[in-house]
Amino acid sequence: MSDYVDDAEAERWNHHPGMVSLNPLFAWPPDPMAVVRWYRGAWFQITAVSIPFLLAVIVWWALIPPLAAMETFAVGWMAQVWLANLLPQVLVAGGLHWWLYSRKGQGQVKKFDSRDLAYSNGTFTFGNQLWDNVFWTLASAITVATVYQWVIFWVMANGWVPVVTFAENPIWCVFWLALIPLWSGLHYYWAHRLEHHPMLYARVHALHHRNVNIGPWSGISNHWYENILYFSGYFIHLVIPSHPFHVMFHAMFQQVSPVMSHSGFEKIMAGDTEAAKAGDFFHQLHHRYFECNYGTSELPFDKWFGTFHDGSAEATTRTRTHKKQMYTR
Ligand SMILES: [Zn+2]
Ligand SMILES: [Zn+2]
């Protein structure tokens, strides 16, 4: 059953959440109250921003050693950094998959696409969408992300770049934390646009787009080359003065938030109550129609460059025309 939206596009979805909204920070004329509501909604509810922040606090406290211990490459601290990446991924993706898809804990409520995941389909590695996604997430994505963090922590520990502390630079540290989702969105938009070039798409990014219908493990189920590019944004911490916690928040944001945004369900329900925001219709539209919504709703590059799909039937027609033009040039 579709939630009623006065547009033919609504008929194509089990749950259509209405027109996609973008970060009002970039809207004109300015609407400060809408901006406050947007950021309060992202940081002070259970969302794809606050969960990564909480996970970053936990792994940084429990697993990330002091910088002094990371001056030379050694198995101990390197394994701890790997676990700091692996465990939250398994916990969140595994937990959401179990609740939403194995146990079917909330049935079809708030589920965008009525179809189930493809458990038997030759397109996927091992012929199964779940095992394909688990493999590419844990073997490829977590490996590349971890190797980058090893290098960043090692450079920081050796004092080759400035490292800030929350005690000495509290305002900068908080400001930079708040900016990380914007930086991540900016880097993602350009990397992702590049990957949709027909040459790169077929060789690299098509692996992520095997998932037309997405689930939690689809989030960072990417080809090796895509991961090399996707996580390269972490090296900003060797340019912009950072604390190791900034690196871990950036990592949790870029690794765990896609798990939530790809979950396929707009909200996680606790009985009849909406307990958490999860799926991102903005990106769900990208997986169904491909040549739209390359970025995030946080930073509206798609609107500025004419590739924004707002969830309407008219936007679907425009996207299909754009795709045809891309491949007939
Ligand atoms: Zn894509
Ligand atoms: Zn995706």
# chains A, B, ... in the order shown; residues from 1 in each chain; ligands from 1
>>> residues_around(residues="region 103-111 of chain A", least_positions_apart="4", cutoff="6 Å", atoms="only C-alpha atoms", output="number ranges by chain")
A: 15, 98-99, 264-266
>>> residues_near_ligand(ligand="ligand 2", cutoff="10 Å", atoms="only C-alpha atoms and all ligand atoms", output="list in words")
His192, His205, His208, His209, Arg210, Asn211, Val212, Asn213, Ile214, Gly215, Ser218, Gly219, Ile220, Ser221, Asn222, Pro258, Val259, Ser261, His262, Asp280, His283, Gln284, Leu285, His286, His287, Phe290 and Tyr294 of chain A
>>> write_last_selection(atoms="N, CA and C atoms", output="mmCIF file, in the first residue's frame")
data_model
loop_
_atom_site.group_PDB
_atom_site.id
_atom_site.type_symbol
_atom_site.label_atom_id
_atom_site.label_comp_id
_atom_site.auth_asym_id
_atom_site.auth_seq_id
_atom_site.Cartn_x
_atom_site.Cartn_y
_atom_site.Cartn_z
ATOM 1 N N HIS A 192 31.644 10.463 -6.814
ATOM 2 C CA HIS A 192 30.512 9.689 -7.323
ATOM 3 C C HIS A 192 30.151 10.099 -8.753
ATOM 4 N N HIS A 205 31.919 1.161 -10.694
ATOM 5 C CA HIS A 205 30.780 1.524 -9.849
ATOM 6 C C HIS A 205 29.564 0.620 -10.051
ATOM 7 N N HIS A 208 28.474 -1.549 -7.086
ATOM 8 C CA HIS A 208 27.573 -1.003 -6.052
ATOM 9 C C HIS A 208 26.134 -0.961 -6.570
ATOM 10 N N HIS A 209 25.992 -0.719 -7.877
ATOM 11 C CA HIS A 209 24.647 -0.584 -8.458
ATOM 12 C C HIS A 209 24.014 -1.912 -8.849
ATOM 13 N N ARG A 210 24.706 -3.027 -8.555
ATOM 14 C CA ARG A 210 23.986 -4.293 -8.645
ATOM 15 C C ARG A 210 22.748 -4.210 -7.755
ATOM 16 N N ASN A 211 22.885 -3.404 -6.712
ATOM 17 C CA ASN A 211 21.817 -3.250 -5.727
ATOM 18 C C ASN A 211 20.817 -2.189 -6.189
ATOM 19 N N VAL A 212 19.861 -2.619 -7.028
ATOM 20 C CA VAL A 212 18.789 -1.687 -7.434
ATOM 21 C C VAL A 212 17.853 -1.522 -6.232
ATOM 22 N N ASN A 213 17.596 -2.634 -5.573
ATOM 23 C CA ASN A 213 16.864 -2.617 -4.318
ATOM 24 C C ASN A 213 17.912 -2.805 -3.223
ATOM 25 N N ILE A 214 17.964 -1.892 -2.284
ATOM 26 C CA ILE A 214 19.110 -1.870 -1.366
ATOM 27 C C ILE A 214 18.764 -2.335 0.049
ATOM 28 N N GLY A 215 19.805 -2.801 0.743
ATOM 29 C CA GLY A 215 19.663 -3.212 2.140
ATOM 30 C C GLY A 215 20.848 -2.672 2.935
ATOM 31 N N SER A 218 24.341 -3.021 1.735
ATOM 32 C CA SER A 218 24.681 -2.421 0.438
ATOM 33 C C SER A 218 25.464 -1.115 0.615
ATOM 34 N N GLY A 219 25.376 -0.520 1.805
ATOM 35 C CA GLY A 219 25.891 0.837 2.041
ATOM 36 C C GLY A 219 27.265 1.111 1.459
ATOM 37 N N ILE A 220 28.268 0.307 1.858
ATOM 38 C CA ILE A 220 29.619 0.525 1.314
ATOM 39 C C ILE A 220 30.099 -0.743 0.615
ATOM 40 N N SER A 221 29.174 -1.430 -0.044
ATOM 41 C CA SER A 221 29.526 -2.595 -0.838
ATOM 42 C C SER A 221 30.045 -2.086 -2.183
ATOM 43 N N ASN A 222 31.346 -1.836 -2.218
ATOM 44 C CA ASN A 222 31.963 -1.160 -3.372
ATOM 45 C C ASN A 222 33.162 -1.938 -3.908
ATOM 46 N N PRO A 258 26.115 5.190 5.646
ATOM 47 C CA PRO A 258 25.528 4.552 4.453
ATOM 48 C C PRO A 258 24.761 3.262 4.772
ATOM 49 N N VAL A 259 25.137 2.587 5.859
ATOM 50 C CA VAL A 259 24.395 1.385 6.257
ATOM 51 C C VAL A 259 22.954 1.779 6.571
ATOM 52 N N SER A 261 21.463 4.687 5.654
ATOM 53 C CA SER A 261 20.787 5.332 4.517
ATOM 54 C C SER A 261 20.391 4.320 3.439
ATOM 55 N N HIS A 262 21.081 3.171 3.384
ATOM 56 C CA HIS A 262 20.732 2.129 2.406
ATOM 57 C C HIS A 262 19.775 1.085 2.991
ATOM 58 N N ASP A 280 17.328 6.764 3.336
ATOM 59 C CA ASP A 280 17.402 8.083 2.732
ATOM 60 C C ASP A 280 16.754 7.985 1.350
ATOM 61 N N HIS A 283 18.785 8.965 -1.745
ATOM 62 C CA HIS A 283 19.724 8.004 -2.325
ATOM 63 C C HIS A 283 19.007 6.764 -2.872
ATOM 64 N N GLN A 284 17.874 6.423 -2.276
ATOM 65 C CA GLN A 284 17.075 5.305 -2.802
ATOM 66 C C GLN A 284 16.678 5.608 -4.250
ATOM 67 N N LEU A 285 16.348 6.865 -4.545
ATOM 68 C CA LEU A 285 15.999 7.279 -5.913
ATOM 69 C C LEU A 285 17.198 7.112 -6.835
ATOM 70 N N HIS A 286 18.409 7.393 -6.301
ATOM 71 C CA HIS A 286 19.623 7.199 -7.112
ATOM 72 C C HIS A 286 19.764 5.730 -7.518
ATOM 73 N N HIS A 287 19.465 4.817 -6.596
ATOM 74 C CA HIS A 287 19.606 3.390 -6.909
ATOM 75 C C HIS A 287 18.550 2.916 -7.901
ATOM 76 N N PHE A 290 19.409 5.874 -11.186
ATOM 77 C CA PHE A 290 20.841 5.988 -11.516
ATOM 78 C C PHE A 290 21.347 7.426 -11.740
ATOM 79 N N TYR A 294 23.417 12.393 -7.178
ATOM 80 C CA TYR A 294 24.773 11.852 -7.005
ATOM 81 C C TYR A 294 25.339 12.194 -5.624
#
>>> residues_around(residues="region 149-163 of chain A", least_positions_apart="3", cutoff="7 Å", atoms="only C-alpha atoms", output="number ranges by chain")
A: 67-68, 70-72, 78, 145-146, 235, 238, 241-243
>>> residues_around(residues="Gly18 (chain A)", least_positions_apart="2", cutoff="10 Å", atoms="only C-alpha atoms", output="list in words")
Asp3, Tyr4, Val5, Asp6, Asp7, Glu9, Ala10, His15, His16, Val20, Ser21, Phe281, Asp310, Gly311 and Ser312 of chain A
>>> write_last_selection(atoms="C-alpha atoms", output="mmCIF file, in the first residue's frame")
data_model
loop_
_atom_site.group_PDB
_atom_site.id
_atom_site.type_symbol
_atom_site.label_atom_id
_atom_site.label_comp_id
_atom_site.auth_asym_id
_atom_site.auth_seq_id
_atom_site.Cartn_x
_atom_site.Cartn_y
_atom_site.Cartn_z
ATOM 1 C CA ASP A 3 1.297 6.379 1.404
ATOM 2 C CA TYR A 4 -0.713 8.983 -0.471
ATOM 3 C CA VAL A 5 1.269 11.571 -2.334
ATOM 4 C CA ASP A 6 -0.419 13.493 -5.130
ATOM 5 C CA ASP A 7 1.966 12.336 -7.835
ATOM 6 C CA GLU A 9 5.668 8.492 -8.727
ATOM 7 C CA ALA A 10 4.020 7.483 -5.449
ATOM 8 C CA HIS A 15 6.291 3.850 0.864
ATOM 9 C CA HIS A 16 6.803 7.268 -0.692
ATOM 10 C CA VAL A 20 12.649 15.129 -0.884
ATOM 11 C CA SER A 21 13.862 18.074 1.170
ATOM 12 C CA PHE A 281 14.833 8.419 -0.075
ATOM 13 C CA ASP A 310 12.792 15.351 -5.716
ATOM 14 C CA GLY A 311 10.681 12.190 -5.752
ATOM 15 C CA SER A 312 8.188 13.369 -8.394
#
>>> residues_around(residues="Thr296 (chain A)", least_positions_apart="3", cutoff="10 Å", atoms="only C-alpha atoms", output="number ranges by chain")
A: 22-23, 181-182, 184-186, 188-189, 280, 282-283, 293, 299-302, 308
>>> write_last_selection(atoms="C-alpha atoms", output="PDB file, in the first residue's frame")
ATOM      1  CA  LEU A  22      17.338  19.580   1.016  1.00  0.00           C
ATOM      2  CA  ASN A  23      19.475  21.261   3.686  1.00  0.00           C
ATOM      3  CA  PRO A 181      29.460  15.647   7.190  1.00  0.00           C
ATOM      4  CA  LEU A 182      29.592  18.592   4.755  1.00  0.00           C
ATOM      5  CA  SER A 184      32.207  14.111   3.313  1.00  0.00           C
ATOM      6  CA  GLY A 185      29.224  15.117   1.140  1.00  0.00           C
ATOM      7  CA  LEU A 186      31.335  17.423  -1.021  1.00  0.00           C
ATOM      8  CA  TYR A 188      31.373  12.100  -2.226  1.00  0.00           C
ATOM      9  CA  TYR A 189      29.505  14.167  -4.833  1.00  0.00           C
ATOM     10  CA  ASP A 280      17.402   8.083   2.732  1.00  0.00           C
ATOM     11  CA  PHE A 282      17.214  10.844  -1.831  1.00  0.00           C
ATOM     12  CA  HIS A 283      19.724   8.004  -2.325  1.00  0.00           C
ATOM     13  CA  ASN A 293      21.022  12.510  -6.810  1.00  0.00           C
ATOM     14  CA  LEU A 299      24.908  19.659   0.292  1.00  0.00           C
ATOM     15  CA  PRO A 300      22.636  20.401  -2.697  1.00  0.00           C
ATOM     16  CA  PHE A 301      25.092  20.060  -5.603  1.00  0.00           C
ATOM     17  CA  ASP A 302      22.459  18.064  -7.486  1.00  0.00           C
ATOM     18  CA  PHE A 308      18.176  16.643  -8.400  1.00  0.00           C
TER      19      PHE A 308
END
>>> closest_residue(among="A:Tyr201, A:Asn169, A:Thr47, A:Ala79", to="ligand 1", atoms="only C-alpha atoms and all ligand atoms")
A:Tyr201
>>> residues_around(residues="Tyr230 (chain A)", least_positions_apart="3", cutoff="7 Å", atoms="only C-alpha atoms", output="list in words")
Tyr188, Ala191, Glu226, Asn227 and Gly233 of chain A
>>> residues_around(residues="Val256 (chain A)", least_positions_apart="4", cutoff="12 Å", atoms="only C-alpha atoms", output="PyMOL selection string")
chain A and resi 47-56+84-94+96+137+141-142+145+216-221+248-252+260-263+278
>>> closest_residue(among="A:Ala315, A:His197, A:Thr273, A:Lys267", to="ligand 1", atoms="only C-alpha atoms and all ligand atoms")
A:His197
>>> atom_distance(atom1="CA of Trp38 (chain A)", atom2="CA of Glu298 (chain A)")
9.5 Å
>>> select_by_dssp(residues="region 32-270 of chain A", states="alpha helix (DSSP H)", output="ChimeraX atom specification")
/A:32-43,50-62,75-97,129-135,142-157,170-195,198-203,224-230,244-261
>>> write_last_selection(atoms="C-alpha atoms", output="short mmCIF file (atom, residue, chain, number, x, y, z; two decimals), in the first residue's frame")
data_model
loop_
_atom_site.label_atom_id
_atom_site.label_comp_id
_atom_site.auth_asym_id
_atom_site.auth_seq_id
_atom_site.Cartn_x
_atom_site.Cartn_y
_atom_site.Cartn_z
CA PRO A 32 17.26 30.31 10.18
CA MET A 33 14.55 28.37 12.05
CA ALA A 34 14.43 25.73 9.30
CA VAL A 35 18.24 25.41 9.59
CA VAL A 36 17.99 24.96 13.36
CA ARG A 37 15.29 22.28 12.87
CA TRP A 38 17.40 20.48 10.22
CA TYR A 39 20.53 20.29 12.41
CA ARG A 40 18.60 19.56 15.61
CA GLY A 41 16.88 16.72 13.73
CA ALA A 42 20.23 15.32 12.54
CA TRP A 43 22.27 15.57 15.75
CA SER A 50 24.16 10.82 15.79
CA ILE A 51 24.70 7.03 15.69
CA PRO A 52 28.11 7.39 13.95
CA PHE A 53 29.01 10.08 16.51
CA LEU A 54 28.12 7.77 19.40
CA LEU A 55 30.04 4.88 17.82
CA ALA A 56 33.05 7.16 17.30
CA VAL A 57 33.03 8.05 21.03
CA ILE A 58 32.89 4.36 21.98
CA VAL A 59 35.58 3.06 19.61
CA TRP A 60 37.86 6.02 20.23
CA TRP A 61 37.60 5.45 23.99
CA ALA A 62 37.76 1.65 23.87
CA VAL A 75 50.56 -5.28 14.83
CA GLY A 76 48.90 -4.39 18.17
CA TRP A 77 47.59 -0.89 17.48
CA MET A 78 46.97 -1.64 13.81
CA ALA A 79 44.71 -4.55 14.78
CA GLN A 80 42.86 -2.30 17.23
CA VAL A 81 42.19 0.29 14.51
CA TRP A 82 40.95 -2.51 12.23
CA LEU A 83 38.56 -3.71 14.96
CA ALA A 84 37.39 -0.11 15.52
CA ASN A 85 36.24 -0.17 11.90
CA LEU A 86 35.05 -3.76 11.65
CA LEU A 87 32.97 -4.11 14.81
CA PRO A 88 30.62 -1.11 14.38
CA GLN A 89 30.03 -2.13 10.75
CA VAL A 90 29.08 -5.68 11.68
CA LEU A 91 26.98 -4.50 14.61
CA VAL A 92 24.93 -1.89 12.72
CA ALA A 93 24.64 -3.61 9.32
CA GLY A 94 24.18 -7.04 10.89
CA GLY A 95 21.68 -5.73 13.44
CA LEU A 96 19.60 -3.80 10.92
CA HIS A 97 19.63 -6.66 8.43
CA GLN A 129 22.89 -10.15 -2.64
CA LEU A 130 23.51 -10.43 1.10
CA TRP A 131 26.76 -12.40 0.88
CA ASP A 132 27.93 -10.25 -2.04
CA ASN A 133 27.37 -7.10 0.04
CA VAL A 134 28.96 -8.56 3.21
CA PHE A 135 32.03 -9.63 1.23
CA ILE A 142 36.87 -1.93 5.67
CA THR A 143 40.37 -2.92 4.49
CA VAL A 144 40.90 0.25 2.44
CA ALA A 145 39.40 2.48 5.16
CA THR A 146 41.63 0.86 7.80
CA VAL A 147 44.83 1.14 5.76
CA TYR A 148 44.15 4.87 5.20
CA GLN A 149 43.62 5.37 8.94
CA TRP A 150 46.86 3.52 9.76
CA VAL A 151 48.75 5.99 7.56
CA ILE A 152 46.92 9.04 8.96
CA PHE A 153 47.47 8.07 12.62
CA TRP A 154 51.13 7.21 11.94
CA VAL A 155 51.74 10.61 10.30
CA MET A 156 49.92 12.39 13.15
CA ALA A 157 51.86 10.42 15.78
CA PRO A 170 37.57 23.55 21.88
CA ILE A 171 35.78 25.89 19.46
CA TRP A 172 37.77 24.77 16.43
CA CYS A 173 37.39 21.11 17.40
CA VAL A 174 33.58 21.32 17.68
CA PHE A 175 33.27 23.45 14.53
CA TRP A 176 35.39 20.98 12.53
CA LEU A 177 33.31 18.05 13.83
CA ALA A 178 30.15 19.77 12.61
CA LEU A 179 31.74 20.40 9.20
CA ILE A 180 32.85 16.80 8.61
CA PRO A 181 29.46 15.65 7.19
CA LEU A 182 29.59 18.59 4.75
CA TRP A 183 33.15 17.76 3.69
CA SER A 184 32.21 14.11 3.31
CA GLY A 185 29.22 15.12 1.14
CA LEU A 186 31.33 17.42 -1.02
CA HIS A 187 34.00 14.78 -1.61
CA TYR A 188 31.37 12.10 -2.23
CA TYR A 189 29.50 14.17 -4.83
CA TRP A 190 32.57 14.67 -7.04
CA ALA A 191 33.95 11.15 -6.60
CA HIS A 192 30.51 9.69 -7.32
CA ARG A 193 29.95 11.86 -10.40
CA LEU A 194 33.28 10.69 -11.75
CA GLU A 195 32.26 7.06 -11.16
CA PRO A 198 30.27 5.52 -18.64
CA MET A 199 33.89 4.20 -18.72
CA LEU A 200 34.35 4.04 -14.96
CA TYR A 201 30.78 3.02 -14.30
CA ALA A 202 30.99 -0.28 -16.17
CA ARG A 203 34.37 -1.28 -14.70
CA TRP A 224 38.28 -1.85 -4.63
CA TYR A 225 38.92 1.12 -6.94
CA GLU A 226 35.78 2.84 -5.72
CA ASN A 227 36.85 2.39 -2.09
CA ILE A 228 40.30 3.79 -2.86
CA LEU A 229 38.59 6.95 -4.12
CA TYR A 230 35.64 7.02 -1.68
CA PRO A 244 42.32 11.54 16.23
CA PHE A 245 38.67 11.73 17.32
CA HIS A 246 37.89 13.74 14.17
CA VAL A 247 39.35 10.89 12.12
CA MET A 248 37.19 8.33 13.92
CA PHE A 249 34.01 10.40 13.61
CA HIS A 250 34.75 10.88 9.91
CA ALA A 251 35.30 7.11 9.58
CA MET A 252 32.12 6.18 11.42
CA PHE A 253 30.14 8.79 9.48
CA GLN A 254 31.39 7.65 6.10
CA GLN A 255 31.22 3.92 6.88
CA VAL A 256 28.18 3.49 9.12
CA SER A 257 25.82 6.21 7.92
CA PRO A 258 25.53 4.55 4.45
CA VAL A 259 24.40 1.38 6.26
CA MET A 260 21.47 3.33 7.67
CA SER A 261 20.79 5.33 4.52
#
>>> select_by_dssp(residues="region 186-304 of chain A", states="strand (DSSP E)", output="list in words")
Lys267, Ile268, Met269, Ala270, Thr273, Glu274, Ala275, Ala276 and Lys277 of chain A
>>> atom_distance(atom1="CA of Leu138 (chain A)", atom2="CA of His223 (chain A)")
11.6 Å
>>> atom_distance(atom1="CA of Leu117 (chain A)", atom2="CA of Leu207 (chain A)")
15.6 Å
>>> closest_residue(among="A:Tyr289, A:Phe124, A:Trp304, A:Tyr327", to="ligand 1", atoms="only C-alpha atoms and all ligand atoms")
A:Tyr289
>>> closest_residue(among="A:Ser140, A:Thr125, A:Arg12, A:His196", to="ligand 1", atoms="only C-alpha atoms and all ligand atoms")
A:His196
